[in-house]
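*Asks:* If you scroll down you'll find the structure; I have some questions about it.
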Amino acid sequence: MAKDLPIQFKGTALKIIQAQLRTADVALLHAALADLTGNSPDFFENDLAVLDFSNAESLPESADWPAIRQLLRASGLHAAATLGLPEGLAAAAEQAGLPTISASALSRPARAKAAEAAPPPPAVAEPTPLPAQEAAPAPVPAPAPRTITLDKPLRSGQRFYAKGCDLIVTAMVSAGAEVIADGNIHVYAPLRGRALAGASGDKSARIFTTSLEAELVSVAGLYRTFEAGVPADLARQPATVSLSGDGEPRLTVAPLALR
């Protein structure tokens, strides 16, 4: 029987992050990760990732794949495969333990290669009368939250991650603090630290704030820093951050009309 075989294969629902890389330069990637994650060792919580080079502007003839894997692992992200590499780089990546996959593999659900024989239909039992008092129905488990609300100030050095949902913040996000969400981020207070929406790759995610004073904003991995300060027409004003463009997406920071 199948259950007695020493190896079996089953589909899973593992979360795979699609990391869109525009370069294979380790120094540039290190600087970008420092901006996005602060080089925090548990930022990605040991998630698996496909390294997508489909939109890379230029790639060298060779790359230090062990160094790239180690760099990502330092932030808690484990590279598992590559996508969009030219033939020579793809072969070298595969030798370093990063096989090439197709773009369709990221959107196609896994299918079992073989199925066990269907069990015979159960024998039909004679109906039995219901007892005088029916048993109480089993409790229905509460659905996973679609929104998390943070109502306490986030101080410098603190970070809050709303995994798999939107995040609503009703208190100040101080400079040096960080709010992250896989969905949208709403900050109904001064946003002075960093805000990263669509952290798992959702390009439709947005950031909303009633007072933009941020150090960095990011949507689906595309980010903008404000080292010289927020532009005067947006500083301390309601604003929204989103991705725009039909082809190559770009990060847009625009005023938000509240009246």
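Each chain of the structure tokens is named A, B, ... in the order shown, its residues numbered from 1; ligands are numbered from 1 in display order.
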Near Glu94 in chain A, counting only C-alpha atoms, which residues have an atom at most 12 Å away, once you skip same-chain residues fewer than 2 positions from it, shown as a PyMOL selection string?

*Replies:* chain A and resi 63+65-66+79-83+85+87-92+96-101

*Asks:* Could you check how far CA of Asp202 in chain A sits from CA of Leu256 in chain A, in Å to one decimal?

*Replies:*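 Taking CA of Asp202 in chain A as the start and CA of Leu256 in chain A as the end point, the length is 21.1 Å.
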
*Asks:* Could you check how far CA of Ile180 in chain A sits from CA of Phe43 in chain A, in Å to one decimal?

*Replies:* 9.9 Å

*Asks:* Quick one: everything within 12 Å of Val169 in chain A, counting only C-alpha atoms, minus sequence neighbours fewer than 6 positions away in the same chain. Send it as a short mmCIF file (atom, residue, chain, number, x, y, z; two decimals) with N, CA and C atoms, in the first residue's frame.

*Replies:*
```
data_model
loop_
_atom_site.label_atom_id
_atom_site.label_comp_id
_atom_site.auth_asym_id
_atom_site.auth_seq_id
_atom_site.Cartn_x
_atom_site.Cartn_y
_atom_site.Cartn_z
N THR A 147 -7.62 42.68 9.42
CA THR A 147 -7.05 43.97 9.81
C THR A 147 -6.59 43.90 11.26
N ILE A 148 -5.42 44.46 11.53
CA ILE A 148 -4.92 44.58 12.89
C ILE A 148 -4.81 46.06 13.23
N THR A 149 -5.25 46.43 14.42
CA THR A 149 -5.19 47.82 14.86
C THR A 149 -4.13 47.98 15.94
N LEU A 150 -3.25 48.95 15.74
CA LEU A 150 -2.21 49.29 16.72
C LEU A 150 -2.55 50.66 17.29
N ASP A 151 -2.89 50.73 18.57
CA ASP A 151 -3.32 52.00 19.16
C ASP A 151 -2.34 52.55 20.18
N LYS A 152 -1.11 52.05 20.16
CA LYS A 152 -0.07 52.57 21.06
C LYS A 152 1.08 53.14 20.23
N PRO A 153 1.71 54.21 20.72
CA PRO A 153 2.83 54.79 19.96
C PRO A 153 3.95 53.78 19.76
N LEU A 154 4.57 53.84 18.60
CA LEU A 154 5.70 52.96 18.30
C LEU A 154 6.97 53.80 18.43
N PHE A 160 6.55 46.72 14.13
CA PHE A 160 5.29 45.99 14.22
C PHE A 160 4.95 45.45 12.83
N TYR A 161 4.67 44.13 12.76
CA TYR A 161 4.40 43.47 11.48
C TYR A 161 3.01 42.87 11.50
N ALA A 162 2.14 43.32 10.59
CA ALA A 162 0.81 42.74 10.41
C ALA A 162 0.89 41.72 9.28
N GLU A 178 9.28 51.19 12.87
CA GLU A 178 8.94 50.59 11.58
C GLU A 178 7.61 49.85 11.68
N VAL A 179 6.72 50.11 10.71
CA VAL A 179 5.46 49.37 10.60
C VAL A 179 5.46 48.65 9.25
N ILE A 180 5.06 47.38 9.28
CA ILE A 180 5.10 46.52 8.10
C ILE A 180 3.76 45.79 8.01
N ALA A 181 3.26 45.61 6.79
CA ALA A 181 2.02 44.85 6.59
C ALA A 181 2.07 44.17 5.23
N ASN A 184 -2.51 46.79 3.23
CA ASN A 184 -2.41 48.24 3.31
C ASN A 184 -1.97 48.67 4.71
N ILE A 185 -1.46 49.89 4.79
CA ILE A 185 -1.10 50.51 6.06
C ILE A 185 -1.82 51.85 6.16
N HIS A 186 -2.58 52.04 7.24
CA HIS A 186 -3.26 53.31 7.52
C HIS A 186 -2.67 53.88 8.81
N VAL A 187 -2.12 55.08 8.75
CA VAL A 187 -1.55 55.72 9.93
C VAL A 187 -2.31 57.02 10.17
N TYR A 188 -3.19 57.02 11.18
CA TYR A 188 -3.98 58.21 11.51
C TYR A 188 -3.26 59.00 12.60
N ALA A 189 -2.02 59.34 12.31
CA ALA A 189 -1.15 60.06 13.24
C ALA A 189 0.13 60.37 12.46
N PRO A 190 1.07 61.13 13.06
CA PRO A 190 2.32 61.40 12.35
C PRO A 190 3.09 60.11 12.05
N LEU A 191 3.49 59.97 10.80
CA LEU A 191 4.31 58.85 10.37
C LEU A 191 5.73 59.36 10.19
N ALA A 195 7.52 52.83 6.79
CA ALA A 195 6.28 52.10 6.54
C ALA A 195 6.47 51.26 5.28
N ILE A 207 -0.20 52.90 1.24
CA ILE A 207 0.06 53.50 2.54
C ILE A 207 -0.73 54.80 2.62
N PHE A 208 -1.45 55.00 3.72
CA PHE A 208 -2.20 56.23 3.96
C PHE A 208 -1.74 56.82 5.28
N THR A 209 -1.54 58.12 5.33
CA THR A 209 -1.19 58.77 6.59
C THR A 209 -1.77 60.17 6.62
N THR A 210 -2.11 60.63 7.81
CA THR A 210 -2.63 61.99 7.97
C THR A 210 -1.52 63.01 8.14
#
```

*Asks:* For Pro86 in chain A, find every residue with an atom within 10 Å (counting only C-alpha atoms), except residues of its own chain fewer than 5 positions away, and show them as a PyMOL selection string.

*Replies:* chain A and resi 53-54+59+61+91

*Asks:* Select, from A:Ala235, A:Leu51, A:Cys165, A:Val241, the residue with the minimum atom-to-atom distance to Tyr223 in chain A, counting only C-alpha atoms.

*Replies:* A:Val241

*Asks:* If we count only C-alpha atoms and set the cut-off at 6 Å, which residues sit around Asp182 in chain A, ignoring sequence neighbours fewer than 6 positions away in its own chain? Please answer as a PyMOL selection string.

*Replies:* chain A and resi 163-165+197-200

*Asks:* Find the residue from A:Pro137, A:Gly221, A:Pro231, A:Gly183 that sits nearest to Gln18 in chain A; use only C-alpha atoms when measuring.

*Replies:*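 For Gln18 in chain A, the nearest of the candidates is A:Gly221.
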
*Asks:* List as a CSV table (one decimal) with N, CA and C atoms, in the first residue's frame the protein and nucleic acid residues near Val230 in chain A, meaning an atom at most 8 Å away when only C-alpha atoms are counted, but skip any in the same chain fewer than 6 places from it.

*Replies:*
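Dumped everything to around30.csv:
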```csv
chain,number,residue,atom,x,y,z
A,212,LEU,N,2.6,63.1,6.8
A,212,LEU,CA,3.7,62.4,6.2
A,212,LEU,C,5.0,63.1,6.7
A,213,GLU,N,5.8,62.3,7.5
A,213,GLU,CA,7.1,62.8,8.0
A,213,GLU,C,8.1,61.7,8.0
A,214,ALA,N,7.9,60.7,7.0
A,214,ALA,CA,8.6,59.4,7.1
A,214,ALA,C,10.0,59.5,6.7
```

*Asks:* Which residues come within 9 Å of Glu248 in chain A, counting only C-alpha atoms, excluding same-chain residues fewer than 3 positions away, as a PyMOL selection string?

*Replies:* chain A and resi 55+244-245

*Asks:* Filtering to N, CA and C atoms, could you give me those residues as an mmCIF file, in the first residue's frame?

*Replies:*
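This went into out-v2.cif:
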```
data_model
loop_
_atom_site.group_PDB
_atom_site.id
_atom_site.type_symbol
_atom_site.label_atom_id
_atom_site.label_comp_id
_atom_site.auth_asym_id
_atom_site.auth_seq_id
_atom_site.Cartn_x
_atom_site.Cartn_y
_atom_site.Cartn_z
ATOM 1 N N ASN A 55 13.205 41.687 -14.269
ATOM 2 C CA ASN A 55 13.238 43.128 -14.530
ATOM 3 C C ASN A 55 14.600 43.740 -14.216
ATOM 4 N N SER A 244 2.212 52.893 -9.381
ATOM 5 C CA SER A 244 1.480 53.320 -10.561
ATOM 6 C C SER A 244 2.255 52.923 -11.796
ATOM 7 N N GLY A 245 1.587 52.954 -12.956
ATOM 8 C CA GLY A 245 2.234 52.587 -14.211
ATOM 9 C C GLY A 245 1.729 51.264 -14.717
#
```

*Asks:* Quick check, in Å to one decimal: how far apart do CA of Gly193 in chain A and CA of Glu215 in chain A lie?

*Replies:*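 Taking CA of Gly193 in chain A as the start and CA of Glu215 in chain A as the end point, the length is 5.2 Å.
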
*Asks:* Kindly indicate which residue among A:Leu5, A:Ile68, A:Ala27, A:Ala239 lies nearest to Pro255 in chain A, using only C-alpha atoms for the distances.

*Replies:*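 Smallest separation from Pro255 in chain A among the options: A:Ala239.
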
*Asks:* With distances taken over only C-alpha atoms, which residue among A:Gln237, A:Ser211, A:Ser62, A:Thr225 lies nearest Met172 in chain A?

*Replies:*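 Counting only C-alpha atoms, the residue closest to Met172 in chain A is A:Ser211.
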